[in-house]
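**Student:** Just so it is clear, I am handing over coords.tsv, which has TSV, C-alpha atoms.
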chain	number	residue	atom	x	y	z
X	1	MET	CA	-9.01	69.81	-63.97
X	2	ASN	CA	-12.29	68.43	-65.25
X	3	GLU	CA	-13.49	65.21	-63.55
X	4	SER	CA	-15.35	62.48	-65.44
X	5	PRO	CA	-18.89	61.77	-64.33
X	6	PRO	CA	-19.17	58.76	-61.93
X	7	HIS	CA	-21.02	56.54	-64.46
X	8	ILE	CA	-18.17	57.02	-66.99
X	9	MET	CA	-15.54	56.17	-64.36
X	10	GLY	CA	-17.43	53.01	-63.37
X	11	ARG	CA	-17.71	51.89	-66.98
X	12	TYR	CA	-13.98	52.53	-67.47
X	13	ALA	CA	-13.06	50.50	-64.36
X	14	ARG	CA	-15.18	47.57	-65.51
X	15	THR	CA	-13.49	47.67	-68.92
X	16	LEU	CA	-10.01	47.57	-67.31
X	17	LEU	CA	-11.05	44.65	-65.07
X	18	MET	CA	-12.38	42.61	-67.99
X	19	ALA	CA	-9.23	43.27	-70.00
X	20	GLY	CA	-7.08	42.18	-67.09
X	21	LEU	CA	-9.04	38.95	-66.66
X	22	MET	CA	-8.76	38.14	-70.35
X	23	LEU	CA	-5.00	38.75	-70.25
X	24	CYS	CA	-4.68	36.67	-67.08
X	25	SER	CA	-6.45	33.69	-68.61
X	26	SER	CA	-3.83	33.56	-71.38
X	27	LEU	CA	-0.81	33.61	-69.05
X	28	ALA	CA	0.54	30.78	-66.89
X	29	GLY	CA	1.10	31.67	-63.24
X	30	CYS	CA	-1.55	34.41	-63.08
X	31	ILE	CA	-2.14	35.69	-59.56
X	32	PHE	CA	-5.82	34.73	-59.90
X	33	GLU	CA	-4.97	31.03	-60.50
X	34	ASP	CA	-6.20	28.84	-57.62
X	35	GLY	CA	-3.54	26.15	-58.05
X	36	ALA	CA	-6.13	23.37	-58.32
X	37	GLY	CA	-5.51	22.43	-61.95
X	38	ALA	CA	-5.15	18.72	-62.65
X	39	GLU	CA	-1.67	17.34	-63.18
X	40	GLU	CA	-0.85	16.09	-66.62
X	41	GLU	CA	-1.06	12.30	-66.90
X	42	GLU	CA	2.20	10.46	-67.57
X	43	VAL	CA	2.85	9.24	-71.08
X	44	LEU	CA	3.08	5.47	-70.72
X	45	ALA	CA	3.08	2.75	-73.37
X	46	VAL	CA	1.10	-0.38	-72.40
X	47	PHE	CA	-0.17	-3.05	-74.76
X	48	SER	CA	-1.69	-6.51	-74.75
X	49	PHE	CA	-2.05	-9.11	-77.47
X	50	ASN	CA	-4.44	-11.93	-78.28
X	51	PRO	CA	-3.89	-14.81	-78.42
X	52	SER	CA	-1.25	-14.34	-75.73
X	53	LYS	CA	0.10	-17.89	-75.93
X	54	ASN	CA	0.25	-20.85	-78.31
X	55	VAL	CA	0.84	-18.60	-81.29
X	56	LYS	CA	1.88	-20.56	-84.37
X	57	VAL	CA	3.27	-19.56	-87.75
X	58	GLY	CA	0.34	-18.17	-89.74
X	59	THR	CA	-1.70	-17.14	-86.68
X	60	THR	CA	-3.04	-13.58	-86.84
X	61	VAL	CA	-2.35	-11.78	-83.58
X	62	SER	CA	-4.31	-8.69	-82.46
X	63	PHE	CA	-2.47	-5.96	-80.55
X	64	ASP	CA	-4.20	-3.37	-78.37
X	65	ALA	CA	-2.64	-0.24	-76.85
X	66	SER	CA	-5.80	1.13	-75.23
X	67	SER	CA	-4.30	0.81	-71.74
X	68	SER	CA	-1.64	3.38	-72.61
X	69	THR	CA	-1.90	6.78	-70.96
X	70	PRO	CA	-3.16	9.39	-71.34
X	71	ASP	CA	-6.26	8.11	-73.14
X	72	ASP	CA	-7.47	11.56	-74.21
X	73	GLY	CA	-6.72	11.13	-77.91
X	74	SER	CA	-3.40	13.00	-77.78
X	75	LEU	CA	-1.17	9.98	-78.40
X	76	THR	CA	0.27	8.55	-81.58
X	77	TYR	CA	1.14	4.84	-81.73
X	78	ARG	CA	3.93	3.11	-83.63
X	79	TRP	CA	4.36	-0.68	-83.71
X	80	ASN	CA	7.42	-2.77	-84.54
X	81	PHE	CA	6.73	-6.52	-84.57
X	82	ASP	CA	10.34	-7.68	-84.86
X	83	THR	CA	12.47	-5.15	-83.03
X	84	GLU	CA	15.66	-7.18	-83.11
X	85	GLY	CA	17.74	-6.10	-86.08
X	86	SER	CA	15.06	-3.75	-87.39
X	87	ILE	CA	13.94	-0.18	-86.79
X	88	ASP	CA	11.04	-0.28	-89.25
X	89	ILE	CA	7.60	0.86	-88.24
X	90	ASP	CA	5.27	-2.01	-89.13
X	91	ALA	CA	1.95	-0.40	-88.12
X	92	THR	CA	0.42	2.68	-86.52
X	93	GLY	CA	-2.76	3.26	-84.57
X	94	LEU	CA	-4.36	2.27	-81.29
X	95	THR	CA	-4.79	-1.34	-82.46
X	96	ALA	CA	-3.00	-3.46	-85.02
X	97	THR	CA	-2.83	-7.03	-86.30
X	98	TRP	CA	0.15	-9.04	-87.49
X	99	THR	CA	0.86	-12.52	-88.80
X	100	PHE	CA	4.27	-14.05	-88.08
X	101	ASP	CA	5.90	-16.23	-90.74
X	102	GLU	CA	8.81	-17.75	-88.80
X	103	ALA	CA	8.98	-19.86	-85.63
X	104	LYS	CA	11.04	-17.96	-83.07
X	105	THR	CA	10.75	-15.51	-80.18
X	106	TYR	CA	10.00	-11.95	-81.30
X	107	LYS	CA	10.49	-8.70	-79.43
X	108	VAL	CA	7.44	-6.56	-80.13
X	109	THR	CA	7.73	-2.84	-79.45
X	110	LEU	CA	5.06	-0.20	-78.96
X	111	GLU	CA	6.08	3.47	-78.93
X	112	VAL	CA	3.60	6.16	-77.92
X	113	SER	CA	4.09	9.93	-78.02
X	114	ASP	CA	2.07	13.03	-77.25
X	115	GLY	CA	4.40	15.23	-79.33
X	116	SER	CA	6.70	16.15	-76.48
X	117	SER	CA	7.08	12.97	-74.41
X	118	THR	CA	7.64	9.42	-75.61
X	119	SER	CA	7.27	6.03	-73.93
X	120	GLU	CA	8.09	2.53	-75.12
X	121	GLN	CA	7.14	-0.99	-74.07
X	122	VAL	CA	8.84	-4.16	-75.34
X	123	ARG	CA	7.28	-7.59	-74.88
X	124	GLU	CA	8.36	-11.01	-76.06
X	125	LEU	CA	6.09	-13.19	-78.16
X	126	THR	CA	7.06	-16.78	-78.99
X	127	VAL	CA	5.83	-18.25	-82.27
X	128	ALA	CA	5.79	-22.04	-82.64
X	129	PRO	CA	5.95	-24.06	-85.87
X	130	GLU	CA	2.67	-24.45	-87.72
X	131	SER	CA	2.65	-28.19	-86.94
X	132	ALA	CA	3.05	-27.70	-83.17
X	133	GLU	CA	0.42	-29.14	-80.84
X	134	GLU	CA	-0.65	-27.88	-77.44
X	135	PRO	CA	0.20	-29.92	-74.33
X	136	THR	CA	-2.33	-30.81	-71.64
X	137	ALA	CA	-1.60	-29.82	-68.04
X	138	GLU	CA	-2.84	-32.29	-65.45
X	139	ILE	CA	-2.41	-32.19	-61.67
X	140	THR	CA	-2.78	-35.46	-59.77
X	141	GLN	CA	-5.63	-35.24	-57.26
X	142	TYR	CA	-5.48	-37.16	-53.98
X	143	ALA	CA	-6.35	-37.19	-50.29
X	144	ASP	CA	-4.93	-38.68	-47.13
X	145	ASP	CA	-6.37	-42.15	-46.55
X	146	GLU	CA	-7.77	-41.15	-43.16
X	147	ASP	CA	-8.28	-38.08	-41.04
X	148	CYS	CA	-6.82	-37.74	-37.55
X	149	GLU	CA	-9.58	-39.92	-36.09
X	150	ASP	CA	-8.88	-42.79	-38.52
X	151	ASP	CA	-12.04	-42.05	-40.47
X	152	GLU	CA	-11.74	-42.83	-44.17
X	153	ILE	CA	-11.51	-39.88	-46.57
X	154	THR	CA	-13.08	-40.03	-50.02
X	155	GLU	CA	-11.85	-37.28	-52.32
X	156	THR	CA	-11.68	-37.23	-56.11
X	157	ARG	CA	-11.52	-33.59	-57.15
X	158	HIS	CA	-8.94	-31.84	-54.99
X	159	ILE	CA	-5.92	-32.36	-52.76
X	160	LEU	CA	-6.93	-32.91	-49.14
X	161	VAL	CA	-4.44	-33.50	-46.31
X	162	TRP	CA	-4.56	-33.43	-42.52
X	163	ILE	CA	-2.01	-32.21	-40.01
X	164	CYS	CA	-2.38	-34.51	-36.98
X	165	ALA	CA	-0.52	-33.17	-33.93
X	166	LEU	CA	-1.37	-36.14	-31.70
X	167	ASP	CA	0.59	-35.34	-28.54
X	168	LYS	CA	1.13	-31.64	-28.05
X	169	SER	CA	2.96	-30.30	-25.02
X	170	MET	CA	1.36	-27.90	-22.57
X	171	THR	CA	4.32	-25.61	-23.21
X	172	ASP	CA	3.09	-25.29	-26.80
X	173	ARG	CA	-0.53	-24.18	-26.79
X	174	SER	CA	-0.48	-22.63	-30.25
X	175	ILE	CA	-1.21	-24.12	-33.65
X	176	THR	CA	2.11	-23.70	-35.44
X	177	GLU	CA	2.51	-27.00	-37.28
X	178	THR	CA	2.87	-27.08	-41.05
X	179	THR	CA	3.04	-29.91	-43.56
X	180	THR	CA	4.57	-30.77	-46.92
X	181	VAL	CA	2.20	-31.25	-49.85
X	182	GLN	CA	3.32	-33.42	-52.75
X	183	LEU	CA	2.46	-31.96	-56.15
X	184	ASP	CA	2.51	-34.23	-59.19
X	185	ALA	CA	2.11	-33.18	-62.84
X	186	SER	CA	3.71	-36.24	-64.41
X	187	SER	CA	0.41	-37.23	-66.05
X	188	SER	CA	0.50	-34.10	-68.22
X	189	ASP	CA	0.63	-34.74	-71.97
X	190	SER	CA	3.14	-33.11	-74.34
X	191	GLY	CA	0.67	-32.91	-77.25
X	192	ASP	CA	2.54	-35.05	-79.77
X	193	SER	CA	4.52	-37.94	-78.33
X	194	THR	CA	6.49	-38.50	-81.53
X	195	SER	CA	8.24	-35.14	-81.65
X	196	GLN	CA	7.22	-33.18	-78.56
X	197	TYR	CA	8.04	-33.51	-74.88
X	198	ILE	CA	7.84	-31.48	-71.70
X	199	PRO	CA	11.31	-30.76	-70.26
X	200	GLU	CA	11.81	-30.89	-66.50
X	201	ASP	CA	11.86	-27.09	-66.31
X	202	GLY	CA	8.66	-26.98	-68.36
X	203	TYR	CA	6.51	-27.55	-65.27
X	204	ALA	CA	5.90	-24.27	-63.41
X	205	TRP	CA	3.88	-24.27	-60.18
X	206	ASP	CA	2.25	-21.00	-59.07
X	207	LEU	CA	1.48	-21.10	-55.35
X	208	ASP	CA	-0.31	-17.73	-55.19
X	209	LEU	CA	-2.63	-16.92	-58.08
X	210	THR	CA	-3.23	-13.37	-56.81
X	211	VAL	CA	0.38	-12.21	-57.24
X	212	ASP	CA	2.09	-11.64	-60.61
X	213	LYS	CA	5.63	-12.34	-59.44
X	214	ASP	CA	7.25	-12.13	-62.89
X	215	ASN	CA	5.26	-9.00	-63.92
X	216	ASP	CA	4.21	-10.46	-67.26
X	217	GLY	CA	0.55	-9.51	-66.87
X	218	ASP	CA	-0.52	-13.06	-65.97
X	219	ALA	CA	-0.86	-13.73	-62.24
X	220	GLU	CA	-1.30	-17.48	-62.71
X	221	ASN	CA	1.90	-18.58	-64.46
X	222	ASP	CA	4.70	-17.82	-62.01
X	223	ASP	CA	7.35	-20.45	-61.28
X	224	ASP	CA	7.36	-20.64	-57.47
X	225	LEU	CA	8.30	-24.31	-57.86
X	226	VAL	CA	9.61	-26.07	-60.96
X	227	GLY	CA	9.44	-29.76	-61.84
X	228	ALA	CA	7.08	-32.57	-62.74
X	229	THR	CA	6.92	-33.70	-59.10
X	230	VAL	CA	7.74	-31.27	-56.32
X	231	ASP	CA	7.36	-30.88	-52.55
X	232	TRP	CA	5.54	-27.79	-51.36
X	233	SER	CA	6.93	-27.22	-47.88
X	234	ASN	CA	5.75	-25.34	-44.78
X	235	VAL	CA	2.07	-25.34	-45.70
X	236	ALA	CA	-0.08	-24.11	-42.79
X	237	PRO	CA	-3.72	-25.11	-42.23
X	238	GLY	CA	-5.90	-23.40	-44.82
X	239	GLU	CA	-7.49	-23.56	-48.25
X	240	TYR	CA	-5.32	-22.77	-51.27
X	241	GLU	CA	-5.75	-22.56	-55.03
X	242	ILE	CA	-2.56	-23.21	-56.96
X	243	GLY	CA	-1.76	-23.33	-60.66
X	244	LEU	CA	0.35	-25.41	-63.02
X	245	THR	CA	1.66	-24.21	-66.39
X	246	VAL	CA	3.35	-26.75	-68.65
X	247	THR	CA	5.45	-25.72	-71.65
X	248	ASN	CA	6.62	-28.27	-74.18
X	249	ASN	CA	9.77	-28.21	-76.30
X	250	VAL	CA	8.09	-26.18	-79.07
X	251	GLU	CA	6.94	-23.48	-76.60
X	252	MET	CA	3.26	-24.47	-76.58
X	253	THR	CA	1.64	-24.20	-73.15
X	254	ASP	CA	-1.38	-25.25	-71.14
X	255	SER	CA	-2.52	-24.47	-67.60
X	256	ALA	CA	-4.56	-26.06	-64.83
X	257	THR	CA	-5.51	-25.17	-61.27
X	258	ILE	CA	-6.41	-27.20	-58.21
X	259	ARG	CA	-7.57	-26.49	-54.68
X	260	VAL	CA	-5.52	-27.75	-51.77
X	261	TYR	CA	-7.20	-28.19	-48.38
X	262	VAL	CA	-5.05	-28.55	-45.27
X	263	SER	CA	-7.09	-29.37	-42.18
X	264	TYR	CA	-5.76	-29.70	-38.65
X	265	ALA	CA	-6.29	-31.53	-35.38
X	266	GLY	CA	-4.21	-30.79	-32.27
X	267	TYR	CA	-4.42	-33.03	-29.16
X	268	TRP	CA	-3.36	-32.15	-25.61
X	269	ASN	CA	-3.55	-35.17	-23.30
X	270	ASP	CA	-3.48	-35.80	-19.54
X	271	PHE	CA	-2.89	-32.43	-17.92
X	272	GLU	CA	-4.27	-30.38	-15.04
X	273	ILE	CA	-6.02	-27.05	-14.64
X	274	GLY	CA	-5.73	-25.06	-11.43
X	275	GLY	CA	-8.62	-24.05	-9.21
X	276	ASN	CA	-10.39	-20.80	-8.51
X	277	ASN	CA	-8.78	-20.03	-5.18
X	278	SER	CA	-8.25	-16.29	-5.60
X	279	GLY	CA	-11.72	-15.18	-6.62
X	280	ASN	CA	-10.86	-15.49	-10.32
X	281	ALA	CA	-11.57	-18.45	-12.55
X	282	ALA	CA	-8.54	-20.49	-13.60
X	283	GLU	CA	-7.96	-20.47	-17.35
X	284	LEU	CA	-5.73	-22.13	-19.93
X	285	ASP	CA	-5.38	-20.37	-23.30
X	286	PHE	CA	-4.83	-22.05	-26.68
X	287	ASP	CA	-4.21	-20.01	-29.84
X	288	ALA	CA	-5.23	-20.80	-33.42
X	289	ILE	CA	-4.88	-18.83	-36.66
X	290	ILE	CA	-8.15	-19.13	-38.59
X	291	HIS	CA	-8.64	-18.01	-42.21
X	292	TYR	CA	-11.82	-16.70	-43.78
X	293	ASP	CA	-10.85	-14.59	-46.78
X	294	ASN	CA	-13.41	-14.54	-49.58
X	295	ASP	CA	-11.13	-12.63	-51.94
X	296	ALA	CA	-8.29	-15.13	-51.57
X	297	GLY	CA	-10.68	-18.10	-51.50
X	298	ASN	CA	-9.24	-19.27	-48.18
X	299	THR	CA	-12.28	-19.99	-46.03
X	300	ILE	CA	-12.66	-22.33	-43.09
X	301	VAL	CA	-15.72	-24.60	-43.06
X	302	LYS	CA	-15.88	-25.01	-39.29
X	303	ALA	CA	-13.81	-25.24	-36.14
X	304	GLN	CA	-14.57	-27.73	-33.38
X	305	VAL	CA	-13.16	-27.75	-29.86
X	306	GLU	CA	-13.52	-30.83	-27.65
X	307	LEU	CA	-12.90	-31.29	-23.93
X	308	GLU	CA	-12.95	-34.56	-21.96
X	309	TYR	CA	-12.38	-34.71	-18.20
X	310	PRO	CA	-13.26	-36.97	-15.22
X	311	LYS	CA	-16.44	-35.96	-13.48
X	312	GLU	CA	-14.60	-36.27	-10.21
X	313	ASP	CA	-10.88	-36.57	-9.53
X	314	GLY	CA	-9.84	-39.53	-7.44
X	315	ASP	CA	-7.63	-37.37	-5.23
X	316	CYS	CA	-10.16	-34.58	-4.67
X	317	THR	CA	-10.67	-33.53	-1.05
X	318	SER	CA	-14.23	-32.49	-0.43
X	319	ILE	CA	-15.32	-29.71	1.88
X	320	PRO	CA	-18.16	-30.66	4.24
X	321	GLY	CA	-21.46	-29.39	2.95
X	322	ALA	CA	-20.08	-28.47	-0.49
X	323	ASP	CA	-20.12	-30.47	-3.74
X	324	ASN	CA	-16.74	-29.09	-4.72
X	325	CYS	CA	-15.35	-32.36	-6.11
X	326	ARG	CA	-17.82	-32.45	-9.04
X	327	ALA	CA	-15.86	-30.96	-11.94
X	328	GLU	CA	-17.52	-28.46	-14.24
X	329	LEU	CA	-15.15	-27.13	-16.88
X	330	ASP	CA	-16.11	-25.01	-19.88
X	331	ILE	CA	-14.74	-23.91	-23.25
X	332	PHE	CA	-14.79	-20.25	-24.32
X	333	ALA	CA	-13.91	-18.86	-27.76
X	334	TYR	CA	-12.59	-15.32	-28.31
X	335	ASN	CA	-11.80	-13.60	-31.60
X	336	GLU	CA	-8.76	-11.47	-32.44
X	337	GLU	CA	-10.40	-8.43	-30.84
X	338	ASP	CA	-10.90	-10.41	-27.62
X	339	GLU	CA	-14.67	-10.52	-28.11
X	340	GLU	CA	-16.38	-13.57	-26.66
X	341	ALA	CA	-17.98	-15.45	-29.56
X	342	ALA	CA	-19.24	-18.66	-27.93
X	343	ASN	CA	-19.01	-20.89	-24.86
X	344	THR	CA	-20.36	-24.17	-23.47
X	345	THR	CA	-21.90	-22.88	-20.22
X	346	SER	CA	-25.44	-23.52	-21.46
X	347	THR	CA	-24.80	-27.27	-21.49
X	348	ASP	CA	-26.34	-28.72	-18.34
X	349	ILE	CA	-23.84	-30.44	-16.09
X	350	GLU	CA	-25.76	-33.72	-16.32
X	351	SER	CA	-25.90	-33.58	-20.14
X	352	ARG	CA	-22.21	-33.45	-20.98
X	353	ASP	CA	-21.88	-36.65	-22.95
X	354	ASP	CA	-20.88	-35.63	-26.48
X	355	GLY	CA	-18.89	-38.17	-28.46
X	356	ASP	CA	-17.39	-41.34	-26.97
X	357	CYS	CA	-17.86	-40.39	-23.36
X	358	ASP	CA	-17.94	-43.04	-20.61
X	359	SER	CA	-19.99	-42.88	-17.45
X	360	GLU	CA	-17.15	-41.40	-15.42
X	361	GLN	CA	-16.40	-38.57	-17.87
X	362	ASP	CA	-17.83	-35.32	-19.08
X	363	CYS	CA	-17.38	-34.63	-22.80
X	364	ILE	CA	-18.30	-31.24	-24.26
X	365	HIS	CA	-17.89	-29.87	-27.78
X	366	LEU	CA	-17.89	-26.25	-28.94
X	367	LYS	CA	-18.73	-26.03	-32.63
X	368	LEU	CA	-17.91	-22.80	-34.48
X	369	SER	CA	-19.52	-22.61	-37.91
X	370	GLY	CA	-17.62	-21.01	-40.78
X	371	TYR	CA	-19.96	-18.01	-40.94
X	372	MET	CA	-18.69	-16.89	-37.51
X	373	PHE	CA	-15.31	-16.14	-39.11
X	374	ASN	CA	-16.72	-14.22	-42.08
X	375	ASP	CA	-15.51	-10.65	-42.50
X	376	ALA	CA	-19.06	-9.28	-42.46
X	377	ASP	CA	-19.90	-6.71	-39.76
X	378	SER	CA	-22.30	-9.09	-38.03
X	379	THR	CA	-19.69	-11.79	-37.38
X	380	TYR	CA	-16.46	-12.08	-35.45
X	381	GLY	CA	-13.87	-12.16	-38.23
X	382	ASP	CA	-10.86	-14.40	-38.76
X	383	GLY	CA	-7.28	-14.08	-37.54
X	384	GLU	CA	-5.82	-15.24	-34.23
X	385	TRP	CA	-8.53	-16.79	-32.07
X	386	THR	CA	-8.10	-17.88	-28.46
X	387	LEU	CA	-9.81	-21.00	-27.13
X	388	LYS	CA	-9.93	-21.16	-23.33
X	389	ILE	CA	-10.59	-23.88	-20.79
X	390	ARG	CA	-12.13	-22.26	-17.70
X	391	ASN	CA	-12.50	-23.66	-14.18
X	392	ASP	CA	-14.74	-21.73	-11.78
X	393	ARG	CA	-14.48	-24.35	-9.03
X	394	VAL	CA	-12.05	-24.17	-6.12
X	395	ASN	CA	-10.38	-27.52	-6.77
X	396	ASP	CA	-7.74	-28.38	-9.34
X	397	PHE	CA	-9.03	-30.85	-11.93
X	398	ASN	CA	-7.45	-33.35	-14.28
X	399	ILE	CA	-8.21	-33.22	-17.99
X	400	ASP	CA	-8.09	-36.33	-20.16
X	401	GLN	CA	-7.99	-34.62	-23.54
X	402	PHE	CA	-8.42	-31.26	-25.24
X	403	VAL	CA	-8.69	-31.15	-29.05
X	404	ILE	CA	-8.85	-28.31	-31.58
X	405	ARG	CA	-9.97	-29.24	-35.10
X	406	LEU	CA	-9.92	-26.89	-38.10
X	407	TYR	CA	-11.89	-28.14	-41.09
X	408	TYR	CA	-11.06	-26.50	-44.41
X	409	LYS	CA	-13.00	-29.07	-46.50
Is it possible to express this structure as structure tokens?

**Tutor:**
Amino acid sequence: MNESPPHIMGRYARTLLMAGLMLCSSLAGCIFEDGAGAEEEEVLAVFSFNPSKNVKVGTTVSFDASSSTPDDGSLTYRWNFDTEGSIDIDATGLTATWTFDEAKTYKVTLEVSDGSSTSEQVRELTVAPESAEEPTAEITQYADDEDCEDDEITETRHILVWICALDKSMTDRSITETTTVQLDASSSDSGDSTSQYIPEDGYAWDLDLTVDKDNDGDAENDDDLVGATVDWSNVAPGEYEIGLTVTNNVEMTDSATIRVYVSYAGYWNDFEIGGNNSGNAAELDFDAIIHYDNDAGNTIVKAQVELEYPKEDGDCTSIPGADNCRAELDIFAYNEEDEEAANTTSTDIESRDDGDCDSEQDCIHLKLSGYMFNDADSTYGDGEWTLKIRNDRVNDFNIDQFVIRLYYK
């Protein structure tokens, strides 16, 4: 049998290989496929409209389906602006406009399709009479008359309250107290006092503007509390921004927000700390949750820790040749990772006279500026901090008062 020359066989093999590759590229599941192809994006109908509230008869509303997926140009769009009782297609295309001629609540439908899969979204749109007027949402601003030290508070733009835990037990060395904040929207205006009013369920309070609880696309209109005047219970120390949405009897709405600052002072009075009689300093721990969250807008301004104690206990027994009856107590602050952030040891023992200290007392303050709780790498972060009283001396010592203050305004 005659054999083909090598250069002819090589050319023939290359031709077969190229033909096989071309065939493979046209077939799904080819053995040369690497399996890394992108998954097809889900067909999903999503639309928004503007204006999204206070639409009146005669108002032209713009509809936009550009958030639908996939956005590769493969979709067709069909709009129905009054789904109830109708299957008509009122418009097609990525965007559309429509003017409503009757005051009522409409069910608007968008249907998208890529030719094989279809998705639909239905949203309600309330249209008010042409004569309707918008209400005005107003939240009453106030502050406690005094802080926990009886100092007058002047506040005209926000809500500012203090939690004053004036006599805490040594069995409770954590900051766990909460308060109730009164919220008042009774000064809101209905828009037209002759024919419009705001019903009691027309006042919706949103206590977390970052969460869209009702999934309507607006994170600031949830109804966590309802009513013209309400009590917001179990509010811990911190800074909060809350919202109010009022809706009058003709379905016109308005919104407002306000910041609420809850500061704290906890007092522990007349107790004792043990001595260093085992080679280790005696310590008492106190725990505080501190917030510094830029994204949530909950940021502490400063924390201040105060310690007052007699320079020398009346019942102290001295050891000859040792000044062991002279008390020297210190405050230490540790972050959630148990890193030491600050202490008072640099304060000379003869210079401990912060605040209203008498001649027989030492008074020391540890001030922690807000930047120490920032979430930046160079600071200590927020979370559960521990404030310690430390006694390195052998003797037990009495303490007149220990105070933790958290300032959120």

**Student:** Env of X:Thr126: 9 Å cut, atoms = all atoms listed in the file, seq-sep filter 4 positions within chain, self excluded. Answer as a ChimeraX atom specification.

**Tutor:** /X:53-56,103-107,251-252

**Student:** Those same residues - C-alpha atoms - I'd like them written as a PDB file, keeping the file's coordinate frame.

**Tutor:**
ATOM      1  CA  LYS X  53       0.100 -17.890 -75.930  1.00  0.00           C
ATOM      2  CA  ASN X  54       0.250 -20.850 -78.310  1.00  0.00           C
ATOM      3  CA  VAL X  55       0.840 -18.600 -81.290  1.00  0.00           C
ATOM      4  CA  LYS X  56       1.880 -20.560 -84.370  1.00  0.00           C
ATOM      5  CA  ALA X 103       8.980 -19.860 -85.630  1.00  0.00           C
ATOM      6  CA  LYS X 104      11.040 -17.960 -83.070  1.00  0.00           C
ATOM      7  CA  THR X 105      10.750 -15.510 -80.180  1.00  0.00           C
ATOM      8  CA  TYR X 106      10.000 -11.950 -81.300  1.00  0.00           C
ATOM      9  CA  LYS X 107      10.490  -8.700 -79.430  1.00  0.00           C
ATOM     10  CA  GLU X 251       6.940 -23.480 -76.600  1.00  0.00           C
ATOM     11  CA  MET X 252       3.260 -24.470 -76.580  1.00  0.00           C
TER      12      MET X 252
END

**Student:** Could you tell me which of X:Ala132, X:Thr140, X:Asp167, X:Asp382 comes closest to X:Asp192 if we count only C-alpha atoms?

**Tutor:** X:Ala132

**Student:** For the point (-14.6, -23.0, -20.8) in the file's frame, write as an MDAnalysis selection string all residues with an atom no more than 7 Å away, counting all atoms listed in the file.

**Tutor:** chainID X and resid 329:332 343:344 388:391

**Student:** Do a neighbour search on X:Asn249 at 7 Å with only C-alpha atoms, toss out local chain neighbours closer than 3 positions, and write the hits as an mmCIF file with C-alpha atoms, in the coordinates of the input.

**Tutor:**
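out.cif, freshly written:
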data_model
loop_
_atom_site.group_PDB
_atom_site.id
_atom_site.type_symbol
_atom_site.label_atom_id
_atom_site.label_comp_id
_atom_site.auth_asym_id
_atom_site.auth_seq_id
_atom_site.Cartn_x
_atom_site.Cartn_y
_atom_site.Cartn_z
ATOM 1 C CA GLN X 196 7.220 -33.180 -78.560
ATOM 2 C CA TYR X 197 8.040 -33.510 -74.880
ATOM 3 C CA ILE X 198 7.840 -31.480 -71.700
ATOM 4 C CA PRO X 199 11.310 -30.760 -70.260
#

**Student:** Between X:Trp162, X:Trp98, X:Trp232, X:Phe373, which residue has the minimum interatomic distance to X:Ser62, considering all atoms listed in the file?

**Tutor:**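 Of X:Trp162, X:Trp98, X:Trp232, X:Phe373, the one nearest X:Ser62 is X:Trp98, counting all atoms listed in the file.
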
**Student:** Only C-alpha atoms needed: put stretch 295-315 of chain X from the block into a file as a PDB file, in the first residue's frame.

**Tutor:**
ATOM      1  CA  ASP X 295     -22.948  54.558  58.674  1.00  0.00           C
ATOM      2  CA  ALA X 296     -25.829  54.434  61.150  1.00  0.00           C
ATOM      3  CA  GLY X 297     -25.111  57.945  62.433  1.00  0.00           C
ATOM      4  CA  ASN X 298     -24.851  56.655  66.011  1.00  0.00           C
ATOM      5  CA  THR X 299     -21.669  58.224  67.355  1.00  0.00           C
ATOM      6  CA  ILE X 300     -20.689  59.014  70.918  1.00  0.00           C
ATOM      7  CA  VAL X 301     -19.211  62.467  71.591  1.00  0.00           C
ATOM      8  CA  LYS X 302     -17.217  61.456  74.660  1.00  0.00           C
ATOM      9  CA  ALA X 303     -17.179  59.188  77.683  1.00  0.00           C
ATOM     10  CA  GLN X 304     -16.051  60.378  81.100  1.00  0.00           C
ATOM     11  CA  VAL X 305     -15.239  58.229  84.121  1.00  0.00           C
ATOM     12  CA  GLU X 306     -14.943  59.792  87.582  1.00  0.00           C
ATOM     13  CA  LEU X 307     -13.580  58.366  90.827  1.00  0.00           C
ATOM     14  CA  GLU X 308     -13.712  59.949  94.298  1.00  0.00           C
ATOM     15  CA  TYR X 309     -12.180  58.321  97.375  1.00  0.00           C
ATOM     16  CA  PRO X 310     -10.761  59.341 100.789  1.00  0.00           C
ATOM     17  CA  LYS X 311      -7.047  59.943 100.745  1.00  0.00           C
ATOM     18  CA  GLU X 312      -6.792  57.820 103.852  1.00  0.00           C
ATOM     19  CA  ASP X 313      -9.349  55.501 105.432  1.00  0.00           C
ATOM     20  CA  GLY X 314     -10.128  56.170 109.062  1.00  0.00           C
ATOM     21  CA  ASP X 315      -9.795  52.487 109.951  1.00  0.00           C
TER      22      ASP X 315
END
